[in-house]
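Next comes coords14.csv, a file with CSV, C-alpha atoms and all ligand atoms.
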chain,number,residue,atom,x,y,z
A,769,MET,CA,117.2,130.8,89.0
A,770,GLU,CA,117.0,131.3,85.3
A,771,THR,CA,115.6,128.3,83.4
A,772,LYS,CA,117.0,127.7,79.9
A,773,ILE,CA,114.5,126.3,77.3
A,774,LEU,CA,116.5,124.0,75.0
A,775,LYS,CA,114.5,123.0,71.9
A,776,VAL,CA,115.6,119.5,70.7
A,777,ALA,CA,113.6,118.3,67.7
A,778,SER,CA,115.9,115.3,67.4
A,779,ILE,CA,119.3,114.1,68.4
A,780,PHE,CA,120.5,114.8,64.8
A,781,GLU,CA,119.1,118.3,64.4
A,782,ASN,CA,120.1,119.8,67.8
A,783,PRO,CA,123.3,118.2,69.1
A,784,ASP,CA,124.5,121.5,70.6
A,785,GLU,CA,121.4,122.0,72.7
A,786,LEU,CA,121.6,118.4,73.8
A,787,GLN,CA,125.2,118.9,74.8
A,788,GLN,CA,124.3,122.0,76.8
A,789,ALA,CA,121.7,120.0,78.7
A,790,ALA,CA,124.2,117.1,79.3
A,791,ASP,CA,126.9,119.6,80.6
A,792,ILE,CA,124.4,121.0,83.1
A,793,LEU,CA,123.7,117.5,84.4
A,794,ALA,CA,127.4,116.6,84.5
A,795,GLN,CA,128.0,119.8,86.6
A,796,GLY,CA,125.3,118.9,89.1
A,797,GLY,CA,122.4,120.9,87.7
A,798,LEU,CA,118.7,119.9,87.1
A,799,VAL,CA,117.3,119.3,83.6
A,800,ALA,CA,113.8,118.4,82.7
A,801,PHE,CA,113.8,116.1,79.6
A,802,PRO,CA,111.4,114.0,77.5
A,803,THR,CA,111.0,110.2,77.8
A,804,GLU,CA,108.5,108.0,76.0
A,805,THR,CA,106.4,107.9,79.2
A,806,VAL,CA,106.4,111.4,80.7
A,807,TYR,CA,109.0,114.2,81.1
A,808,GLY,CA,111.6,113.4,83.8
A,809,LEU,CA,113.4,115.9,86.1
A,810,GLY,CA,117.0,114.7,85.8
A,811,ALA,CA,120.2,115.1,87.9
A,812,ASN,CA,123.4,113.2,88.0
A,813,GLY,CA,122.3,110.0,89.8
A,814,LEU,CA,125.6,109.3,91.5
A,815,ASN,CA,125.9,112.8,93.0
A,816,GLU,CA,124.1,113.0,96.4
A,817,ASP,CA,123.7,116.8,96.4
A,818,ALA,CA,122.4,116.9,92.8
A,819,ALA,CA,119.8,114.2,93.7
A,820,ARG,CA,118.8,116.1,96.8
A,821,ALA,CA,118.2,119.2,94.7
A,822,ILE,CA,115.5,117.2,92.8
A,823,TYR,CA,113.4,116.8,95.9
A,824,ARG,CA,113.6,120.6,96.7
A,825,ALA,CA,112.7,121.6,93.1
A,826,LYS,CA,109.6,119.3,93.1
A,827,GLY,CA,108.6,119.7,96.8
A,828,ARG,CA,108.9,115.9,97.0
A,829,PRO,CA,108.9,114.0,100.3
A,830,SER,CA,112.5,112.8,100.9
A,831,ASP,CA,111.5,109.2,101.5
A,832,ASN,CA,110.1,108.7,98.0
A,833,PRO,CA,113.0,107.2,96.0
A,834,LEU,CA,114.0,108.2,92.5
A,835,ILE,CA,114.4,106.0,89.3
A,836,LEU,CA,117.9,105.8,87.9
A,837,HIS,CA,117.9,106.0,84.1
A,838,ILE,CA,120.6,104.2,82.1
A,839,CYS,CA,121.5,104.1,78.4
A,840,ASP,CA,123.2,100.7,78.2
A,841,MET,CA,123.0,97.3,79.9
A,842,GLU,CA,126.7,97.4,81.0
A,843,THR,CA,125.8,100.0,83.6
A,844,LEU,CA,123.3,97.7,85.4
A,845,PRO,CA,125.8,95.7,87.5
A,846,GLN,CA,127.3,99.0,88.8
A,847,LEU,CA,123.9,99.9,90.3
A,848,ALA,CA,122.3,96.5,91.1
A,849,ARG,CA,124.0,94.1,93.5
A,850,GLU,CA,122.1,91.2,92.1
A,851,VAL,CA,120.6,90.8,88.7
A,852,PRO,CA,118.3,87.8,88.8
A,853,SER,CA,117.5,85.8,85.7
A,854,ALA,CA,114.0,87.3,85.7
A,855,ALA,CA,115.5,90.8,85.4
A,856,VAL,CA,117.7,89.6,82.5
A,857,ARG,CA,114.6,88.2,80.7
A,858,LEU,CA,112.6,91.4,81.2
A,859,ALA,CA,115.5,93.5,80.0
A,860,LEU,CA,115.9,91.5,76.9
A,861,GLU,CA,112.2,91.7,76.1
A,862,PHE,CA,111.3,95.3,77.2
A,863,TRP,CA,114.4,97.4,77.4
A,864,PRO,CA,114.8,100.1,76.1
A,865,GLY,CA,111.2,100.9,77.1
A,866,PRO,CA,108.7,101.9,79.7
A,867,LEU,CA,109.7,99.3,82.4
A,868,THR,CA,111.4,100.1,85.7
A,869,MET,CA,112.9,97.2,87.7
A,870,VAL,CA,113.5,97.4,91.5
A,871,LEU,CA,116.6,95.5,92.4
A,872,PRO,CA,119.0,95.2,95.4
A,873,LYS,CA,121.3,98.2,95.2
A,874,THR,CA,125.1,98.6,95.3
A,875,SER,CA,126.9,101.0,97.5
A,876,GLN,CA,127.4,103.3,94.5
A,877,VAL,CA,123.8,104.4,94.7
A,878,PRO,CA,123.4,107.4,97.0
A,879,ASP,CA,120.9,107.3,99.8
A,880,ALA,CA,119.2,110.4,98.4
A,881,VAL,CA,118.3,108.3,95.3
A,882,SER,CA,117.1,105.2,97.0
A,883,GLY,CA,115.3,107.1,99.8
A,884,GLY,CA,117.2,105.1,102.3
A,885,LEU,CA,116.0,101.7,101.0
A,886,ASP,CA,118.4,98.9,100.2
A,887,THR,CA,116.9,98.6,96.7
A,888,VAL,CA,117.1,100.9,93.6
A,889,ALA,CA,114.7,101.4,90.7
A,890,ILE,CA,116.4,101.3,87.3
A,891,ARG,CA,115.0,102.1,83.8
A,892,PHE,CA,116.5,102.1,80.3
A,893,PRO,CA,114.2,104.5,78.4
A,894,GLY,CA,113.3,104.1,74.8
A,895,ASN,CA,113.2,107.8,73.9
A,896,LEU,CA,116.3,108.6,71.8
A,897,ILE,CA,116.7,112.2,73.2
A,898,ALA,CA,116.7,110.7,76.8
A,899,ARG,CA,119.2,108.1,75.9
A,900,GLU,CA,121.6,110.5,74.1
A,901,LEU,CA,121.3,112.9,77.1
A,902,ILE,CA,122.3,110.1,79.5
A,903,ARG,CA,125.1,109.0,77.2
A,904,ARG,CA,126.5,112.5,76.9
A,905,CYS,CA,126.2,113.1,80.7
A,906,GLY,CA,128.2,110.0,81.3
A,907,LYS,CA,126.4,109.0,84.5
A,908,PRO,CA,123.1,107.3,85.3
A,909,VAL,CA,120.4,110.0,85.5
A,910,ALA,CA,118.1,110.1,88.5
A,911,ALA,CA,114.7,111.3,87.4
A,912,PRO,CA,111.2,111.4,88.8
A,913,SER,CA,108.4,112.8,86.7
A,914,ALA,CA,109.0,116.6,86.1
A,915,ASN,CA,105.9,117.9,87.8
A,916,LEU,CA,105.5,119.6,91.2
A,917,SER,CA,104.8,116.9,93.7
A,918,GLY,CA,101.2,115.9,93.8
A,919,SER,CA,100.1,117.3,90.4
A,920,PRO,CA,99.6,115.4,87.2
A,921,SER,CA,102.9,114.2,85.5
A,922,PRO,CA,104.0,116.3,82.5
A,923,THR,CA,103.6,115.0,79.0
A,924,THR,CA,104.7,118.2,77.2
A,925,ALA,CA,107.5,120.7,77.7
A,926,GLN,CA,104.8,123.3,78.4
A,927,HIS,CA,103.6,121.2,81.4
A,928,CYS,CA,107.2,121.3,82.7
A,929,ILE,CA,107.4,125.1,82.1
A,930,ASP,CA,104.1,125.6,84.0
A,931,ASP,CA,105.4,123.6,87.1
A,932,LEU,CA,109.1,124.2,87.1
A,933,MET,CA,110.0,127.5,85.5
A,934,GLY,CA,112.6,129.3,87.8
A,935,ARG,CA,113.1,126.1,89.8
A,936,VAL,CA,115.4,124.1,87.5
A,937,ASP,CA,118.4,124.9,85.2
A,938,ALA,CA,117.0,123.8,81.9
A,939,ILE,CA,114.0,122.2,80.2
A,940,VAL,CA,114.6,120.2,77.0
A,941,ASP,CA,111.6,120.6,74.7
A,942,GLY,CA,111.4,117.3,72.8
A,943,GLY,CA,107.7,117.3,71.9
A,944,ILE,CA,104.8,115.2,73.3
A,945,CYS,CA,105.4,111.9,75.2
A,946,GLY,CA,104.1,108.9,73.3
A,947,VAL,CA,102.8,106.6,76.1
A,948,GLY,CA,101.6,109.5,78.4
A,949,LEU,CA,101.7,107.5,81.7
A,950,GLU,CA,104.7,106.6,83.7
A,951,SER,CA,106.6,103.3,83.4
A,952,THR,CA,105.5,100.1,84.9
A,953,VAL,CA,107.5,99.5,88.2
A,954,ILE,CA,108.2,95.8,89.0
A,955,SER,CA,110.0,94.7,92.1
A,956,LEU,CA,112.4,91.7,91.5
A,957,ALA,CA,113.9,92.1,95.0
A,958,GLY,CA,111.4,89.7,96.7
A,959,GLU,CA,110.3,86.1,96.1
A,960,VAL,CA,107.6,86.7,93.5
A,961,PRO,CA,107.9,89.5,90.9
A,962,THR,CA,105.5,92.2,92.0
A,963,VAL,CA,104.1,95.1,90.0
A,964,LEU,CA,104.2,98.2,92.3
A,965,ARG,CA,102.9,100.6,89.6
A,966,PRO,CA,101.1,99.6,86.4
A,967,GLY,CA,102.3,101.4,83.3
A,968,GLY,CA,103.4,101.3,79.7
A,969,ILE,CA,104.2,97.5,79.9
A,970,THR,CA,101.1,95.6,80.9
A,971,VAL,CA,100.8,92.9,83.6
A,972,GLU,CA,99.7,90.5,80.8
A,973,GLN,CA,103.0,91.2,78.9
A,974,LEU,CA,105.0,90.6,82.0
A,975,ARG,CA,103.3,87.3,82.7
A,976,LYS,CA,104.0,86.1,79.2
A,977,VAL,CA,107.7,86.4,80.0
A,978,LEU,CA,107.9,85.5,83.7
A,979,GLY,CA,104.8,83.4,84.4
A,980,ASP,CA,103.9,84.2,88.0
A,981,VAL,CA,103.6,88.0,88.5
A,982,GLN,CA,101.7,89.6,91.5
A,983,VAL,CA,100.1,93.0,91.5
A,984,ASP,CA,100.5,94.8,94.7
A,985,PRO,CA,97.1,95.5,96.3
A,986,ALA,CA,97.9,99.2,96.6
A,987,VAL,CA,97.6,99.4,92.8
A,988,THR,CA,93.8,99.3,93.1
A,989,HIS,CA,93.0,99.8,96.8
A,990,PRO,CA,93.8,102.5,99.4
A,991,MET,CA,96.4,101.5,101.9
A,992,ALA,CA,95.3,100.9,105.5
A,993,GLU,CA,96.4,103.3,108.2
A,994,GLY,CA,99.9,102.5,109.3
A,995,GLN,CA,100.5,99.9,106.6
A,996,LYS,CA,104.0,99.9,105.1
A,997,ALA,CA,104.2,100.8,101.4
A,998,ALA,CA,106.1,98.4,99.1
A,999,SER,CA,106.7,101.5,97.0
A,1000,PRO,CA,106.8,104.8,98.9
A,1001,GLY,CA,105.1,106.6,96.0
A,1002,MET,CA,101.9,104.6,96.8
A,1003,LYS,CA,101.1,106.4,100.0
A,1004,TYR,CA,101.0,109.9,98.6
A,1005,LYS,CA,98.1,111.6,96.8
A,1006,HIS,CA,99.0,111.9,93.2
A,1007,TYR,CA,98.1,113.1,89.7
A,1008,ALA,CA,95.5,115.3,91.2
A,1009,PRO,CA,94.1,118.5,89.6
A,1010,LYS,CA,93.0,121.2,92.0
A,1011,ALA,CA,89.4,120.2,91.5
A,1012,ARG,CA,87.8,117.4,93.5
A,1013,VAL,CA,87.6,114.3,91.3
A,1014,ILE,CA,85.0,111.5,91.7
A,1015,LEU,CA,85.4,108.3,89.6
A,1016,VAL,CA,82.0,107.1,88.2
A,1017,ASP,CA,81.8,103.5,87.1
A,1018,GLY,CA,78.8,102.7,84.9
A,1019,ASN,CA,77.7,102.5,81.2
A,1020,GLN,CA,77.3,105.5,78.9
A,1021,ALA,CA,73.6,106.2,79.7
A,1022,ASP,CA,74.0,105.8,83.4
A,1023,PHE,CA,77.1,108.0,83.5
A,1024,ALA,CA,75.4,110.8,81.5
A,1025,GLY,CA,72.2,110.5,83.7
A,1026,TYR,CA,74.3,110.7,86.9
A,1027,VAL,CA,76.4,113.7,85.8
A,1028,ASN,CA,73.5,115.6,84.2
A,1029,GLU,CA,71.5,115.4,87.5
A,1030,ARG,CA,74.4,117.1,89.3
A,1031,LYS,CA,74.9,119.9,86.7
A,1032,ALA,CA,76.0,123.2,88.5
A,1033,ASP,CA,78.6,125.9,88.1
A,1034,GLY,CA,82.1,124.4,88.2
A,1035,VAL,CA,80.9,120.8,87.6
A,1036,PHE,CA,82.8,119.1,84.7
A,1037,ALA,CA,82.9,115.7,83.2
A,1038,LEU,CA,86.2,113.9,82.3
A,1039,CYS,CA,84.9,111.4,79.8
A,1040,PHE,CA,85.2,109.2,76.7
A,1041,SER,CA,84.6,110.7,73.2
A,1042,GLU,CA,81.4,108.6,73.0
A,1043,ASP,CA,80.0,110.3,76.1
A,1044,ILE,CA,80.2,113.9,74.9
A,1045,ALA,CA,76.9,114.1,73.0
A,1046,ALA,CA,74.7,113.1,75.9
A,1047,LEU,CA,76.3,115.4,78.5
A,1048,GLU,CA,74.9,118.7,79.7
A,1049,VAL,CA,77.9,119.9,81.6
A,1050,PRO,CA,81.3,121.0,80.1
A,1051,ALA,CA,83.4,118.0,79.3
A,1052,VAL,CA,87.0,117.2,78.7
A,1053,CYS,CA,87.6,114.1,76.7
A,1054,TYR,CA,90.4,111.6,77.4
A,1055,GLY,CA,90.0,109.2,74.5
A,1056,GLY,CA,87.7,106.5,73.2
A,1057,GLU,CA,86.1,104.1,75.6
A,1058,LYS,CA,87.7,101.1,74.1
A,1059,ARG,CA,91.1,102.7,73.4
A,1060,PRO,CA,93.3,102.5,76.5
A,1061,GLY,CA,96.3,103.7,74.6
A,1062,GLU,CA,94.5,106.9,73.6
A,1063,GLN,CA,93.4,107.3,77.3
A,1064,ALA,CA,96.9,106.9,78.6
A,1065,HIS,CA,98.2,109.4,76.1
A,1066,ALA,CA,95.6,112.0,76.9
A,1067,LEU,CA,94.8,111.7,80.6
A,1068,PHE,CA,97.4,113.9,82.3
A,1069,ASP,CA,96.9,116.7,79.8
A,1070,ALA,CA,93.1,116.4,80.3
A,1071,LEU,CA,93.6,116.7,84.1
A,1072,ARG,CA,95.6,119.9,83.6
A,1073,ARG,CA,93.0,121.3,81.2
A,1074,LEU,CA,90.4,120.9,83.9
A,1075,ASP,CA,92.4,123.2,86.1
A,1076,ASP,CA,92.9,125.7,83.3
A,1077,GLN,CA,89.1,125.9,83.0
A,1078,ASN,CA,88.6,126.3,86.8
A,1079,ALA,CA,86.8,123.0,87.3
A,1080,GLN,CA,85.7,122.6,91.0
A,1081,LEU,CA,84.1,119.1,90.8
A,1082,VAL,CA,84.9,116.6,88.1
A,1083,PHE,CA,83.0,113.4,87.4
A,1084,ALA,CA,85.4,111.0,85.6
A,1085,HIS,CA,84.1,108.1,83.6
A,1086,CYS,CA,85.8,105.0,84.9
A,1087,PRO,CA,87.9,103.1,82.3
A,1088,ASN,CA,88.1,99.4,81.6
A,1089,GLN,CA,90.9,97.8,83.6
A,1090,ASP,CA,92.4,95.4,81.1
A,1091,GLY,CA,95.8,95.8,79.6
A,1092,LEU,CA,97.0,99.4,79.6
A,1093,GLY,CA,93.6,100.3,81.1
A,1094,LEU,CA,94.8,99.1,84.6
A,1095,ALA,CA,97.4,101.9,84.5
A,1096,VAL,CA,94.8,104.5,83.5
A,1097,TYR,CA,92.5,103.3,86.3
A,1098,ASN,CA,95.3,103.4,88.8
A,1099,ARG,CA,96.1,107.1,88.0
A,1100,LEU,CA,92.5,108.1,88.1
A,1101,LEU,CA,91.9,106.3,91.4
A,1102,ARG,CA,94.7,108.4,92.9
A,1103,ALA,CA,93.5,111.6,91.3
A,1104,ALA,CA,90.2,110.9,92.9
A,1105,ALA,CA,91.8,109.9,96.2
A,1106,PHE,CA,89.8,106.5,95.8
A,1107,ASP,CA,86.4,108.3,95.8
A,1108,VAL,CA,84.5,105.9,93.4
A,1109,VAL,CA,80.7,105.8,92.8
A,1110,ARG,CA,79.5,102.5,91.3
A,1111,LEU,CA,76.2,102.9,89.4
A,1201,LIG,O1,108.1,106.7,83.4
A,1201,LIG,C1,108.7,106.9,84.5
A,1201,LIG,O2,108.9,106.0,85.3
A,1201,LIG,C2,109.0,108.4,84.8
A,1201,LIG,C3,110.1,108.8,83.7
A,1201,LIG,C4,110.6,110.1,84.0
A,1201,LIG,O3,111.1,107.8,83.7
A,1201,LIG,N1,109.5,108.5,86.1
A,1201,LIG,C5,108.7,108.5,87.2
A,1201,LIG,O4,109.3,108.7,88.4
A,1201,LIG,O5,107.5,108.2,87.1
A,1201,LIG,P1,108.6,108.9,89.8
A,1201,LIG,O6,109.6,109.3,90.7
A,1201,LIG,O7,107.5,109.9,89.5
A,1201,LIG,O8,108.0,107.6,90.2
A,1201,LIG,C6,108.8,106.5,90.6
A,1201,LIG,C7,108.1,105.5,91.4
A,1201,LIG,C8,107.6,106.1,92.7
A,1201,LIG,O9,106.3,105.6,93.0
A,1201,LIG,C9,108.6,105.5,93.7
A,1201,LIG,O10,108.0,105.4,95.0
A,1201,LIG,C10,108.9,104.2,93.1
A,1201,LIG,O11,108.9,104.4,91.7
A,1201,LIG,N2,110.2,103.7,93.5
A,1201,LIG,C11,111.4,104.2,93.2
A,1201,LIG,N3,112.4,103.5,93.8
A,1201,LIG,C12,111.8,102.5,94.4
A,1201,LIG,C13,112.3,101.4,95.2
A,1201,LIG,N4,113.6,101.2,95.5
A,1201,LIG,N5,111.4,100.5,95.7
A,1201,LIG,C14,110.1,100.7,95.5
A,1201,LIG,N6,109.6,101.7,94.8
A,1201,LIG,C15,110.4,102.6,94.2
A,1202,MG,MG,105.8,111.1,89.7
Could the structure of this file be written out as structure tokens, please?
Ligand code: TXA
Ligand code: MG
Amino acid sequence: METKILKVASIFENPDELQQAADILAQGGLVAFPTETVYGLGANGLNEDAARAIYRAKGRPSDNPLILHICDMETLPQLAREVPSAAVRLALEFWPGPLTMVLPKTSQVPDAVSGGLDTVAIRFPGNLIARELIRRCGKPVAAPSANLSGSPSPTTAQHCIDDLMGRVDAIVDGGICGVGLESTVISLAGEVPTVLRPGGITVEQLRKVLGDVQVDPAVTHPMAEGQKAASPGMKYKHYAPKARVILVDGNQADFAGYVNERKADGVFALCFSEDIAALEVPAVCYGGEKRPGEQAHALFDALRRLDDQNAQLVFAHCPNQDGLGLAVYNRLLRAAAFDVVRL
């Protein structure tokens, strides 16, 4: 299939390109588009066939449900059977923005979107291009991250081109994503609000609004054999470059010592800017040690650059887990398939 690249500098400068993208979605096609977190691969979220096409284009397992993206609060009751007061409070505080809420679904939501579950994940993105695209399409837009299943999520249009050229109808080029990691996913369908995936809105921010918030153990620990995932996405290997990644937890000197001892062809470091000077292997930096926002913004591009440089074995310096750091840590744990060395 031919993939159109539609450059949208802003909703004011390129309304025609945006309309073309919206028309493709309305006609059942697939469009990759920017959000404030990562690029999404969108389809009309109320059209079963269109949603199924997303799984084919990404090579995604069919039991891993999609997020429905909306551009106003009024759409929420059409998709969610119950909207508990906790959801209203979170929406008022964090929407539009990088927060996804899992709620009991209505019969309008196709099985292909919810992966056969009786809940649905809903997000009202902050990015203006995303919102205007959804508004012009006139339907909620189902969109997972716009990468091939298993590889790091895309934070630029070029990442989408690298993964999806020839597999989707269009890619909207709207620049670099601000946050750089996917939205926080919180389930409000059970008794206690539970974070299923940490992201742009931190656990600390959620607790300020709701009080009691749990973090699902699968956020930081591998799932036991046969255990049922609260979020199907948790059971798959994710965010991984082709190289083997090992997460190394230790201070600057110990990290450099450990990595330098293992110097060999194809060995790389994924590290903080403060680490570079002491390293004797090629290194890709993913931000400052005390700057989780910078790390979140840079991580996925850094993982892709390691592939471009043919890295075989990557020692990644483990981030601090406070605030946005928990989301960075969660993605790196999965990129490393939970292979962690503690120095
Ligand atoms: O920032 C984001 O959330 C990006 C942008 C495009 O909006 N989207 C994204 O989608 O990251 P995706 O499909 O890559 O991740 C969605 C996650 C998956 O882990 C999935 O298993 C989980 O949300 N999820 C979706 N529906 C769910 C549900 N009903 N119950 C539990 N988990 C659900
Ligand atoms: Mg994804």
Close residues, Glu1029 of chain A itself excluded, 10 Å, all atoms listed in the file, min 3 positions apart in chain, as a PyMOL selection string:
chain A and resi 1024-1026+1032+1048-1049
Got a sec to check which residues lie within 9 Å of ligand MG 1202 (chain A), using all atoms listed in the file, and send them as a PyMOL selection string?
chain A and resi 808+912-921+950+1001+1006-1007
In the coordinate frame of the file, compute which residues have an atom within 12 Å of (107.0, 126.2, 83.7) when using all atoms listed in the file, and state them as a list in words.
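Counting all atoms listed in the file, I find these residues within 12 Å of (107.0, 126.2, 83.7): Glu770, Thr771, Lys772, Ile773, Ala800, Ala825, Lys826, Ala914, Asn915, Leu916, Pro922, Thr924, Ala925, Gln926, His927, Cys928, Ile929, Asp930, Asp931, Leu932, Met933, Gly934, Arg935, Val936, Asp937, Ala938, Ile939, Val940 and Asp941 of chain A.
With atom CA of Ala1084 of chain A on one side and atom CA of Gly968 of chain A on the other, the separation reads 21.3 Å.
Nearest to Asp784 of chain A of all the residues A:Glu900, A:Glu804, A:Glu816, A:Glu972 is A:Glu900, based on all atoms listed in the file.
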Could you tell me, counting all atoms listed in the file, which protein and nucleic acid residues lie no more than 6 Å from ligand LIG 1201 (chain A), written as a list of chain:residue names?
A:Thr805, A:Val806, A:Tyr807, A:Gly808, A:Asn832, A:Pro833, A:Leu834, A:Ile835, A:Val870, A:Ser882, A:Thr887, A:Val888, A:Ala889, A:Ala911, A:Pro912, A:Ser913, A:Glu950, A:Ser951, A:Ala998, A:Ser999, A:Pro1000, A:Gly1001, A:Met1002
Pull C-alpha atoms from the residues just selected and write them as a PDB file, keeping the file's coordinate frame.
ATOM      1  CA  THR A 805     106.400 107.900  79.200  1.00  0.00           C
ATOM      2  CA  VAL A 806     106.400 111.400  80.700  1.00  0.00           C
ATOM      3  CA  TYR A 807     109.000 114.200  81.100  1.00  0.00           C
ATOM      4  CA  GLY A 808     111.600 113.400  83.800  1.00  0.00           C
ATOM      5  CA  ASN A 832     110.100 108.700  98.000  1.00  0.00           C
ATOM      6  CA  PRO A 833     113.000 107.200  96.000  1.00  0.00           C
ATOM      7  CA  LEU A 834     114.000 108.200  92.500  1.00  0.00           C
ATOM      8  CA  ILE A 835     114.400 106.000  89.300  1.00  0.00           C
ATOM      9  CA  VAL A 870     113.500  97.400  91.500  1.00  0.00           C
ATOM     10  CA  SER A 882     117.100 105.200  97.000  1.00  0.00           C
ATOM     11  CA  THR A 887     116.900  98.600  96.700  1.00  0.00           C
ATOM     12  CA  VAL A 888     117.100 100.900  93.600  1.00  0.00           C
ATOM     13  CA  ALA A 889     114.700 101.400  90.700  1.00  0.00           C
ATOM     14  CA  ALA A 911     114.700 111.300  87.400  1.00  0.00           C
ATOM     15  CA  PRO A 912     111.200 111.400  88.800  1.00  0.00           C
ATOM     16  CA  SER A 913     108.400 112.800  86.700  1.00  0.00           C
ATOM     17  CA  GLU A 950     104.700 106.600  83.700  1.00  0.00           C
ATOM     18  CA  SER A 951     106.600 103.300  83.400  1.00  0.00           C
ATOM     19  CA  ALA A 998     106.100  98.400  99.100  1.00  0.00           C
ATOM     20  CA  SER A 999     106.700 101.500  97.000  1.00  0.00           C
ATOM     21  CA  PRO A1000     106.800 104.800  98.900  1.00  0.00           C
ATOM     22  CA  GLY A1001     105.100 106.600  96.000  1.00  0.00           C
ATOM     23  CA  MET A1002     101.900 104.600  96.800  1.00  0.00           C
TER      24      MET A1002
END
May I ask for the distance between atom CA of Thr970 of chain A and atom CA of Cys1039 of chain A, given in Å to one decimal place?
22.7 Å
Which residues, written as a PyMOL selection string, have at least one atom at most 7 Å from segment 862-869 of chain A, with all atoms listed in the file counted and residues fewer than 6 positions away on the same chain left out?
chain A and resi 805+889-894+951-956+968-969
For atom CA of His989 of chain A and atom CA of Leu1067 of chain A, quote the distance in Å rounded to one decimal.
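Between these atoms lies a distance of 20.2 Å.
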Please return segment 1038-1049 of chain A, rebuilt to N, CA, C and O atoms, as a compact mmCIF listing (two decimals), in the frame of the given file.
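Everything below was put into result_5.txt:
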# COMPACT_ATOMS: atom_id res chain seq x y z
N LEU A 1038 84.95 114.34 82.94
CA LEU A 1038 86.20 113.90 82.30
C LEU A 1038 85.73 112.52 81.68
O LEU A 1038 85.44 111.57 82.42
N CYS A 1039 85.63 112.47 80.35
CA CYS A 1039 84.90 111.40 79.80
C CYS A 1039 85.46 110.84 78.49
O CYS A 1039 86.47 111.33 78.00
N PHE A 1040 84.82 109.81 77.95
CA PHE A 1040 85.20 109.20 76.70
C PHE A 1040 84.59 110.04 75.54
O PHE A 1040 83.55 110.69 75.74
N SER A 1041 85.17 109.93 74.35
CA SER A 1041 84.60 110.70 73.20
C SER A 1041 83.16 110.31 72.95
O SER A 1041 82.34 111.16 72.60
N GLU A 1042 82.82 109.03 73.21
CA GLU A 1042 81.40 108.60 73.00
C GLU A 1042 80.44 109.19 73.93
O GLU A 1042 79.23 109.16 73.69
N ASP A 1043 80.92 109.73 75.07
CA ASP A 1043 80.00 110.30 76.10
C ASP A 1043 79.52 111.68 75.77
O ASP A 1043 78.46 112.11 76.24
N ILE A 1044 80.34 112.43 75.02
CA ILE A 1044 80.20 113.90 74.90
C ILE A 1044 78.74 114.29 74.54
O ILE A 1044 78.16 115.15 75.20
N ALA A 1045 78.18 113.64 73.52
CA ALA A 1045 76.90 114.10 73.00
C ALA A 1045 75.79 114.12 74.02
O ALA A 1045 74.91 114.99 73.98
N ALA A 1046 75.82 113.19 74.97
CA ALA A 1046 74.70 113.10 75.90
C ALA A 1046 74.92 113.95 77.19
O ALA A 1046 74.05 114.00 78.06
N LEU A 1047 76.05 114.64 77.28
CA LEU A 1047 76.30 115.40 78.50
C LEU A 1047 75.87 116.82 78.47
O LEU A 1047 76.02 117.49 77.44
N GLU A 1048 75.35 117.31 79.59
CA GLU A 1048 74.90 118.70 79.70
C GLU A 1048 75.82 119.58 80.49
O GLU A 1048 75.50 120.72 80.80
N VAL A 1049 76.94 119.04 80.90
CA VAL A 1049 77.90 119.90 81.60
C VAL A 1049 79.17 119.96 80.71
O VAL A 1049 79.34 119.13 79.81
